[in-house]
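**Student:** Provided herewith is a single structure, encoded as structure tokens, for subsequent inquiry.
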Amino acid sequence: MADVALRPPLVAGHKRLAEVTEDICRPMERWPGLAWWAAFVVAFSMLMLGVTAVTYEIATGIGTWGLNTTVGWAFGITNFVFWIGIGHAGTLISAILFLFRQRWRTGVNRAAEAMTLFAVMCAGIFPVIHLGRPWFAYWIFPYPNFRGSLWMNYRSPLAWDAFAISTYFIISATFWYVGLIPDLATVRDRANPGLRKKIFTILSFGWDGGYKTWNRYEMVYLLLAGLCTPLVVSVHTIVSWDFATAVIPGWHATIFPPYFVAGAIFSGMAMVLTLMIIARKVMGLEAYINKRHLDVMSKLIITTGSIVGLAYLTEFFTAQYGSNRYEQFVFLNRARGPFAWAYWTMVSCNVLTPQILWIRKIRNSWTLVFIITIFVNIGMWFERFVIIVTSLHRDYLPASWADYRPTSVEIATLIGSFGLFFTLFLLFCRVLPVIAIAEIKGVLKHGVQGEAH
Amino acid sequence: MGVNAAPLLALDHGAVRYFRAGARLSKTGGHTALACTQEHQSLTVPEKLRPAAGASRPIVRETTLEAARENGGVRSKEPPVPELWPPDHPFTTHHWAMVVDLNACNGCAACVVACQAENNIPVVGKDEMRRKREMHWMRIDRYYSGSPENPLVAHQPMFCQQCDNAPCETVCPVLATTHSDEGLNQMTYNRCIGTRYCANNCPYKVRHFNWFEYSREDRLANLVLNPDVTVRSRGVMEKCTFCVQRIQDAKIEAKRKGRPVHDGDIRTACQQTCPSKAIVFGDLNDKESEVARLMDNRRRYKVLEEINVKPGVGYLKIVRPEVAGGEEKENG
């Protein structure tokens with residue numbers, strides 16, 4: 001107990017229970033302000049730009065992207081892995097930290113899970129639109145058919161990608177929704193009779209807040225948390241197989257699964273912080289998302305960022321130590337070849353920048369942490385770009401080496417995916433409680449000295 | 001390049017005249033990117049990126065006459081490489097293979113054109129060429145060695161190596177590329193959804209993708225198409241098939257006559273066209289075949305053999321009067 005008392009409280013400002021409900025539900029019950037509308041217009045325009053680009057691409061052909069015979073994957077798969085990575089923090093916060101009884105998670109878990117879902121949606125689009133014939137994307141799933149009963153290739157990592165991502169999406173969505181039920185009931189009870197009340201009545205599954213209901217709910221939540229936990233590790237492990245099982249130097253590496261998982265949590269944490277730093281300000285949730293969260297999540301960023309840095313060093317070391325001329329060349333080419341600018345952007349954003357978070361003063365500054373998280377987001381996008389493009393563009397035969405330059409269609413598609421992400425997040429902020437009301441009430445008195453709970 | 005030269009021709013007494021007088025060259029001041037496939041196939045590892053383990057890559061190999069003649073020109077038996085993966089695809093009937101003699105190849109590229117005509121390979125035009133999206137199933141890779149003032153040139157026809165452990169096959173999620181029981185690495189165009197994973201995982205980068213709908217409805221122009229070969233649609237992968245249509249044709253013909261397929265019954269388009277007879281195709285299961293004999297040649301090696309993809313194409317080393325740095329040399 002003494003240990004807990006020394007830490008700052010999880011919820012600042014001695015809130016009462018009713019105040020908590022009021023604070024969190026209020027933004028949903030009034031007409032959005034100008035800031036929200038401005039953000040929404042920007043996000044939605046970005047989304048529409050993306051929709052236009054993808055429509056054009058599907059109508060004309062994937063040749064509208066800057067790919068060539070040698071570089072068969074670039075922006076599309078980079079974006080895919082980037083978004084999947086972003087989607088990892090949500091489940092980590094909600095499932096693993098729940099099982100480890102990290103109570104600080106209650107302030108951010110709802111928004112982080114929502115972010116996960118939206119990021120996985122963004123990610124899920126890319127493997128489909130990057131296909132030569134996207135209208136046959138469903139062939140990747142095993143389904144009963146009359147083509148002599150033709151199945152998919154269980155040896156292909158892409159097939160496992162499809163399983164991993166769809167599983168991840170379904171389980172995360174279920175977990176998120178189950179967590180929402182008590183809060184949906186709160187919103188229902190606050191609503192005046194009408195359409196809003198009807199909708200939330202259906203959504204809250206007849207929640208009555210009784211002892212038995214709570215008992216069962218907590219058990220379901222715990223079990224789902226257990227089910228989600230392996231997914232945090234498995235999804236990005238499987239995504240890393242797309243590269244690790246290939247014969248291409250720079251891809252063919254056993255280090256990839258842990259390296260990718262660490263990178264995913266790293267980028268996910270950065271994105272959660274980016275969003276939450278904005279959301280707390282705009283929605284007036286300063287008491288619930290406070291310095292304590294900033295501090296803990298910054299520490300997670302240093303940890304995972306350092307693991308990623310170690311992975312970069314290990315890759316270089318194994319290449320040099322392994323005396324494989326192709327492997328050695330790929331890494332020299334990364335650091336000194338035509339994409340050296342991307343490599344060094346990645347290193348400076350992912351390895352060097354987060355290290356200044358060791359200083360407590362910087363860790364406690366909302367502005368500085370915000371800037372660092374932006375750097376991390378950029379760096380992690382470049383990490384995937386470097387892995388994919390630099391390995392492909394100069395592989396075994398010098399005769400087949402090629403360059404790669406993205407087209408405007410690819411850039412518009414990337415912008416569009418951010419548009420989709422922010423549009424969904426902004427809508428989420430308007431229609432659902434961004435903080436788990438029922439859960440945060442449980443930690444209201446945490447660390448508040450002199451009051452028993 | 002990439003420009004129609006036909007308007008410059010003239011008819012002279014019913015014959016086409018291929019020359020024209022009175023042409024003048026003048027500077028336009030404009031710039032244009034050349035669309036050529038040759039340039040981007042002459043690269044070697046740049047000086048500043050040379051790795052410690054060796055800058056040269058054993059892609060084009062050279063030997064001396066004495067070394068090539070040792071042991072009667074027959075290669076010594078190599079001990080079998082221990083494998084973790086059981087040999088789960090035995091070739092019981094035929095095992096199609098090819099050998100290319102780099103010493104005979106002079107880089108004329110007639111094979112490339114023959115292959116294009118035989119296999120309905122689309123002409124993609126200047127713009128796509130600049131984006132390095134040429135569709136030729138065969139290419140002639142060009143490598144240099146020796147001093148820049150007086151370089152030695154090596155030409156290497158490069159096409160699908162029909163690997164027995166094909167890296168492209170395991171990664172396709174929809175089984176659009178599979179191995180036949182005759183050692184062919186086959187593409188099922190209908191099944192391909194275009195993930196391009198196979199092309200990425202190909203160490204030789206010999207798979208070509210239909211980035212757009214290259215074929216078009218043109219009754220007259222389409223008369224040039226070979227009716228035995230499928231025209232590929234947008235969004236599917238394609239590559240060298242070892243002229244599978246000719247293989248099937250010869251097998252059917254042999255069956256009709258009630259005899260086995262003889263060596264030489266099947267000649268691929270590139271083999272048929274090669275003026276220096278550098279390309280030999282045949283059945284490895286037929287121990288008497290030309291290709292089986294050449295596979296035992298002392299000069300025979302396989303490109304990127306060390307990654308154990310087990311290519312079905314062998315290359316014969318170039319014979320040079322002397323090879324710098326010892327008897328064997330690796331270029332690339």
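By convention here, the chains of the structure tokens are called A, B, ... in the order presented, each chain's residues are numbered starting at 1, and ligands are numbered starting at 1 in the order presented.
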Determine which residues of stretch 299-442 of chain A DSSP labels as alpha helix (DSSP H) from the backbone of this structure, then write them out as a VMD selection string.
**Tutor:** chain A and resid 299 to 322 325 to 336 340 to 347 360 to 363 366 to 385 391 to 393 408 to 431 437 to 442
**Student:** Using only C-alpha atoms and a cut-off of 6 Å, which residues of chain A sit close to chain B? Please list them as JSON, numbers by chain.
**Tutor:** {"A": [61, 62, 63, 68, 69, 72, 131, 132, 133, 140, 152, 153, 155, 156, 158, 159, 246, 323, 325, 328, 329, 332, 396, 398, 399]}
**Student:** Since we have the selection now, will you write its residues out, keeping N, CA and C atoms, as a CSV table (one decimal), in the first residue's frame?
**Tutor:**
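Wrote it out as out_23.csv, contents follow:
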chain,number,residue,atom,x,y,z
A,61,GLY,N,-5.7,-0.6,-63.0
A,61,GLY,CA,-4.7,-1.7,-62.9
A,61,GLY,C,-3.7,-1.2,-61.8
A,62,ILE,N,-3.1,-2.2,-61.2
A,62,ILE,CA,-2.1,-2.0,-60.2
A,62,ILE,C,-0.8,-1.3,-60.7
A,63,GLY,N,-0.7,-1.3,-62.0
A,63,GLY,CA,0.4,-0.6,-62.7
A,63,GLY,C,0.4,0.9,-62.4
A,68,ASN,N,7.6,-2.4,-60.0
A,68,ASN,CA,8.1,-2.9,-61.3
A,68,ASN,C,8.5,-4.4,-61.1
A,69,THR,N,9.1,-5.0,-62.1
A,69,THR,CA,9.3,-6.4,-62.1
A,69,THR,C,10.1,-6.8,-60.8
A,72,GLY,N,8.2,-5.8,-56.3
A,72,GLY,CA,6.8,-6.1,-56.4
A,72,GLY,C,5.9,-5.6,-55.3
A,131,LEU,N,-3.7,-6.3,-54.7
A,131,LEU,CA,-3.7,-7.5,-55.6
A,131,LEU,C,-3.9,-7.0,-57.1
A,132,GLY,N,-3.4,-7.9,-57.9
A,132,GLY,CA,-3.6,-7.7,-59.3
A,132,GLY,C,-5.1,-7.8,-59.7
A,133,ARG,N,-5.8,-8.7,-59.0
A,133,ARG,CA,-7.2,-8.9,-59.3
A,133,ARG,C,-7.9,-8.9,-57.9
A,140,ILE,N,-8.3,-16.5,-51.1
A,140,ILE,CA,-7.3,-16.7,-50.1
A,140,ILE,C,-7.8,-17.5,-48.9
A,152,MET,N,-6.7,-23.4,-50.5
A,152,MET,CA,-5.6,-22.5,-50.6
A,152,MET,C,-4.3,-23.2,-50.1
A,153,ASN,N,-3.2,-22.5,-50.2
A,153,ASN,CA,-1.9,-23.1,-49.9
A,153,ASN,C,-1.6,-22.8,-48.4
A,155,ARG,N,0.9,-23.6,-46.8
A,155,ARG,CA,2.3,-23.3,-46.6
A,155,ARG,C,2.6,-21.8,-46.8
A,156,SER,N,1.7,-21.0,-47.4
A,156,SER,CA,2.0,-19.6,-47.7
A,156,SER,C,1.8,-18.8,-46.5
A,158,LEU,N,1.1,-15.7,-46.6
A,158,LEU,CA,0.0,-14.8,-46.9
A,158,LEU,C,-1.3,-15.4,-46.4
A,159,ALA,N,-1.5,-16.7,-46.6
A,159,ALA,CA,-2.7,-17.3,-46.2
A,159,ALA,C,-2.9,-17.2,-44.7
A,246,ALA,N,10.9,-16.0,-46.7
A,246,ALA,CA,11.3,-15.8,-48.1
A,246,ALA,C,12.9,-16.0,-48.2
A,323,SER,N,29.0,-14.1,-43.0
A,323,SER,CA,29.8,-14.1,-44.2
A,323,SER,C,29.1,-14.6,-45.4
A,325,ARG,N,27.7,-13.2,-48.7
A,325,ARG,CA,28.0,-12.0,-49.5
A,325,ARG,C,26.7,-11.2,-49.9
A,328,GLN,N,25.4,-9.6,-46.6
A,328,GLN,CA,26.2,-8.4,-46.2
A,328,GLN,C,26.0,-7.2,-47.1
A,329,PHE,N,25.8,-7.6,-48.4
A,329,PHE,CA,25.6,-6.5,-49.4
A,329,PHE,C,24.3,-5.7,-49.1
A,332,LEU,N,24.8,-3.3,-46.3
A,332,LEU,CA,25.6,-2.2,-46.7
A,332,LEU,C,24.8,-1.2,-47.6
A,396,TYR,N,19.8,-10.8,-55.5
A,396,TYR,CA,20.9,-11.7,-56.0
A,396,TYR,C,21.6,-11.3,-57.3
A,398,PRO,N,22.7,-8.8,-60.0
A,398,PRO,CA,22.8,-7.4,-60.3
A,398,PRO,C,22.1,-7.0,-61.5
A,399,ALA,N,21.9,-8.0,-62.4
A,399,ALA,CA,21.2,-7.6,-63.7
A,399,ALA,C,19.7,-7.3,-63.4
**Student:** Quick one: residues within 10 Å of stretch 298-301 of chain B, only C-alpha atoms counted, chain neighbours fewer than 2 positions away excluded, as a PyMOL selection string?
**Tutor:** chain B and resi 58-65+67-76+99-103+294-296+303-305+313-319
**Student:** For the selection you just gave me, I'd like the residues written to a file as a tab-separated table (two decimals), in the first residue's frame, keeping N, CA, C and O atoms.
**Tutor:**
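After the write, result06.tsv holds the following:
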chain	number	residue	atom	x	y	z
B	58	PRO	N	29.01	-15.49	-57.81
B	58	PRO	CA	29.27	-16.60	-58.75
B	58	PRO	C	28.13	-16.79	-59.75
B	58	PRO	O	27.52	-17.85	-59.81
B	59	ILE	N	27.84	-15.76	-60.50
B	59	ILE	CA	26.69	-15.81	-61.40
B	59	ILE	C	27.13	-16.21	-62.80
B	59	ILE	O	26.55	-17.10	-63.41
B	60	VAL	N	28.17	-15.54	-63.29
B	60	VAL	CA	28.79	-15.96	-64.54
B	60	VAL	C	30.15	-16.55	-64.18
B	60	VAL	O	30.92	-15.92	-63.47
B	61	ARG	N	30.41	-17.75	-64.63
B	61	ARG	CA	31.69	-18.37	-64.26
B	61	ARG	C	32.53	-18.63	-65.49
B	61	ARG	O	32.01	-18.87	-66.57
B	62	GLU	N	33.82	-18.56	-65.27
B	62	GLU	CA	34.76	-18.74	-66.38
B	62	GLU	C	35.74	-19.84	-66.02
B	62	GLU	O	35.98	-20.11	-64.85
B	63	THR	N	36.29	-20.47	-67.04
B	63	THR	CA	37.26	-21.52	-66.81
B	63	THR	C	38.29	-21.50	-67.95
B	63	THR	O	38.13	-20.76	-68.92
B	64	THR	N	39.34	-22.29	-67.82
B	64	THR	CA	40.33	-22.38	-68.89
B	64	THR	C	40.12	-23.68	-69.65
B	64	THR	O	39.45	-24.59	-69.17
B	65	LEU	N	40.71	-23.76	-70.81
B	65	LEU	CA	40.53	-24.94	-71.64
B	65	LEU	C	41.06	-26.19	-70.94
B	65	LEU	O	40.43	-27.24	-70.96
B	67	ALA	N	41.36	-26.77	-67.74
B	67	ALA	CA	40.48	-27.16	-66.65
B	67	ALA	C	39.21	-27.81	-67.19
B	67	ALA	O	38.69	-28.77	-66.61
B	68	ALA	N	38.72	-27.30	-68.31
B	68	ALA	CA	37.49	-27.84	-68.87
B	68	ALA	C	37.70	-29.24	-69.44
B	68	ALA	O	36.77	-30.04	-69.50
B	69	ARG	N	38.96	-29.54	-69.86
B	69	ARG	CA	39.23	-30.82	-70.49
B	69	ARG	C	39.59	-31.91	-69.50
B	69	ARG	O	39.65	-33.08	-69.88
B	70	GLU	N	39.88	-31.52	-68.27
B	70	GLU	CA	40.28	-32.49	-67.26
B	70	GLU	C	39.25	-33.62	-67.15
B	70	GLU	O	38.05	-33.37	-67.30
B	71	ASN	N	39.74	-34.80	-66.85
B	71	ASN	CA	38.86	-35.95	-66.65
B	71	ASN	C	37.95	-36.19	-67.85
B	71	ASN	O	36.78	-36.57	-67.71
B	72	GLY	N	38.46	-35.90	-69.04
B	72	GLY	CA	37.67	-36.11	-70.25
B	72	GLY	C	36.48	-35.18	-70.36
B	72	GLY	O	35.53	-35.48	-71.08
B	73	GLY	N	36.54	-34.08	-69.62
B	73	GLY	CA	35.44	-33.12	-69.67
B	73	GLY	C	34.22	-33.52	-68.86
B	73	GLY	O	33.20	-32.84	-68.91
B	74	VAL	N	34.33	-34.60	-68.11
B	74	VAL	CA	33.18	-35.07	-67.32
B	74	VAL	C	33.37	-34.61	-65.88
B	74	VAL	O	34.47	-34.73	-65.33
B	75	ARG	N	32.33	-34.08	-65.30
B	75	ARG	CA	32.43	-33.58	-63.92
B	75	ARG	C	32.44	-34.76	-62.94
B	75	ARG	O	31.81	-35.79	-63.19
B	76	SER	N	33.19	-34.57	-61.87
B	76	SER	CA	33.21	-35.63	-60.86
B	76	SER	C	31.90	-35.60	-60.08
B	76	SER	O	31.26	-34.57	-59.93
B	99	VAL	N	20.12	-26.76	-70.66
B	99	VAL	CA	21.50	-26.34	-70.43
B	99	VAL	C	21.82	-25.23	-71.42
B	99	VAL	O	21.47	-25.33	-72.60
B	100	VAL	N	22.43	-24.17	-70.93
B	100	VAL	CA	22.80	-23.04	-71.78
B	100	VAL	C	24.31	-22.94	-71.78
B	100	VAL	O	24.93	-22.85	-70.72
B	101	ASP	N	24.90	-22.95	-72.95
B	101	ASP	CA	26.35	-22.84	-73.06
B	101	ASP	C	26.73	-21.36	-73.16
B	101	ASP	O	26.52	-20.72	-74.19
B	102	LEU	N	27.26	-20.82	-72.07
B	102	LEU	CA	27.61	-19.40	-72.07
B	102	LEU	C	28.76	-19.11	-73.03
B	102	LEU	O	28.94	-17.98	-73.47
B	103	ASN	N	29.53	-20.13	-73.31
B	103	ASN	CA	30.63	-19.94	-74.24
B	103	ASN	C	30.12	-19.75	-75.66
B	103	ASN	O	30.73	-19.07	-76.46
B	294	LEU	N	25.10	-33.03	-71.14
B	294	LEU	CA	25.67	-31.71	-70.84
B	294	LEU	C	25.63	-31.41	-69.33
B	294	LEU	O	26.47	-30.69	-68.82
B	295	MET	N	24.64	-31.96	-68.65
B	295	MET	CA	24.56	-31.75	-67.20
B	295	MET	C	25.78	-32.38	-66.52
B	295	MET	O	26.15	-31.97	-65.42
B	296	ASP	N	26.38	-33.39	-67.15
B	296	ASP	CA	27.56	-34.05	-66.58
B	296	ASP	C	28.85	-33.40	-67.06
B	296	ASP	O	29.94	-33.85	-66.71
B	303	VAL	N	23.21	-21.39	-61.54
B	303	VAL	CA	23.24	-20.06	-60.94
B	303	VAL	C	22.52	-20.11	-59.58
B	303	VAL	O	21.44	-20.68	-59.47
B	304	LEU	N	23.16	-19.55	-58.57
B	304	LEU	CA	22.61	-19.48	-57.21
B	304	LEU	C	22.30	-20.88	-56.65
B	304	LEU	O	21.35	-21.06	-55.90
B	305	GLU	N	23.15	-21.83	-57.02
B	305	GLU	CA	22.99	-23.20	-56.55
B	305	GLU	C	23.03	-23.26	-55.03
B	305	GLU	O	22.39	-24.09	-54.40
B	313	VAL	N	17.90	-25.52	-64.72
B	313	VAL	CA	18.68	-25.01	-65.84
B	313	VAL	C	20.14	-24.99	-65.45
B	313	VAL	O	20.51	-24.47	-64.42
B	314	GLY	N	20.97	-25.63	-66.29
B	314	GLY	CA	22.40	-25.59	-66.07
B	314	GLY	C	23.06	-24.63	-67.04
B	314	GLY	O	22.53	-24.37	-68.12
B	315	TYR	N	24.16	-24.07	-66.64
B	315	TYR	CA	24.92	-23.19	-67.53
B	315	TYR	C	26.31	-23.78	-67.71
B	315	TYR	O	26.86	-24.37	-66.77
B	316	LEU	N	26.87	-23.65	-68.91
B	316	LEU	CA	28.25	-24.09	-69.13
B	316	LEU	C	29.17	-22.88	-69.07
B	316	LEU	O	28.90	-21.85	-69.70
B	317	LYS	N	30.23	-23.02	-68.28
B	317	LYS	CA	31.15	-21.90	-68.05
B	317	LYS	C	31.77	-21.42	-69.35
B	317	LYS	O	31.97	-22.18	-70.30
B	318	ILE	N	32.12	-20.14	-69.34
B	318	ILE	CA	32.82	-19.56	-70.48
B	318	ILE	C	34.27	-20.02	-70.44
B	318	ILE	O	34.88	-20.02	-69.37
B	319	VAL	N	34.81	-20.40	-71.58
B	319	VAL	CA	36.22	-20.79	-71.63
B	319	VAL	C	37.03	-19.58	-72.09
B	319	VAL	O	36.72	-18.98	-73.13
**Student:** Tell me which of B:Val323, B:Leu152, B:Leu223, B:Ala114 sits closest to B:Cys270, counting only C-alpha atoms.
**Tutor:**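 Distance minimum relative to B:Cys270 lands on B:Ala114.
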**Student:** Just want the 6 Å neighbourhood of A:Trp381, counted on only C-alpha atoms, with same-chain residues fewer than 3 positions away dropped. Output as a tab-separated table (two decimals) with all heavy atoms, in the first residue's frame.
**Tutor:**
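Generated file (result_9.tsv):
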chain	number	residue	atom	x	y	z
A	82	PHE	N	2.57	-1.27	-41.35
A	82	PHE	CA	2.53	-0.09	-40.47
A	82	PHE	C	1.23	-0.05	-39.67
A	82	PHE	O	1.24	0.07	-38.44
A	82	PHE	CB	2.68	1.17	-41.32
A	82	PHE	CG	2.44	2.46	-40.58
A	82	PHE	CD1	3.41	2.94	-39.71
A	82	PHE	CD2	1.28	3.19	-40.75
A	82	PHE	CE1	3.20	4.13	-39.02
A	82	PHE	CE2	1.07	4.37	-40.07
A	82	PHE	CZ	2.03	4.85	-39.21
A	378	ILE	N	6.61	8.26	-37.75
A	378	ILE	CA	7.30	8.40	-39.05
A	378	ILE	C	8.38	7.32	-39.17
A	378	ILE	O	8.49	6.63	-40.18
A	378	ILE	CB	7.92	9.80	-39.19
A	378	ILE	CG1	6.82	10.85	-39.22
A	378	ILE	CG2	8.80	9.90	-40.43
A	378	ILE	CD1	7.31	12.28	-39.11
A	384	ARG	N	9.36	-0.21	-42.09
A	384	ARG	CA	8.75	-1.19	-42.99
A	384	ARG	C	9.14	-0.92	-44.43
A	384	ARG	O	9.39	-1.84	-45.20
A	384	ARG	CB	7.22	-1.17	-42.85
A	384	ARG	CG	6.71	-1.94	-41.67
A	384	ARG	CD	7.17	-1.36	-40.35
A	384	ARG	NE	6.62	-2.04	-39.19
A	384	ARG	CZ	5.78	-1.48	-38.34
A	384	ARG	NH1	5.43	-0.22	-38.48
A	384	ARG	NH2	5.31	-2.16	-37.32
**Student:** Neighbouring residues of B:Cys243 were defined as those with any atom within 9 Å, considering only C-alpha atoms; residues of the same chain fewer than 6 positions away were excluded. Please report them as a PyMOL selection string.
**Tutor:** chain B and resi 115+118-119+267-269
**Student:** If you count only C-alpha atoms, which residues fall within 10 Å of stretch 213-219 of chain A, apart from same-chain ones fewer than 3 positions away, as a list of chain:residue names?
**Tutor:** A:Val178, A:Gly179, A:Ile181, A:Pro182, A:Trp207, A:Asp208, A:Gly209, A:Gly210, A:Leu222, A:Leu223, A:Leu224, A:Ala225
**Student:** Please provide the set of residues having any atom within 9 Å of stretch 277-288 of chain B, restricted to only C-alpha atoms, with same-chain residues fewer than 2 positions apart removed, written as a ChimeraX atom specification.
**Tutor:** /B:91-105,182,242,262-268,270-275,290-295
**Student:** Between atom CA of A:Ser408 and atom CA of A:Glu383, what is the spacing in Å?
**Tutor:** 21.0 Å
**Student:** Rounded to one decimal place, report the atom CA of A:Val389-atom CA of A:Leu117 distance in Å.
**Tutor:**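 Between these atoms lies a distance of 27.2 Å.
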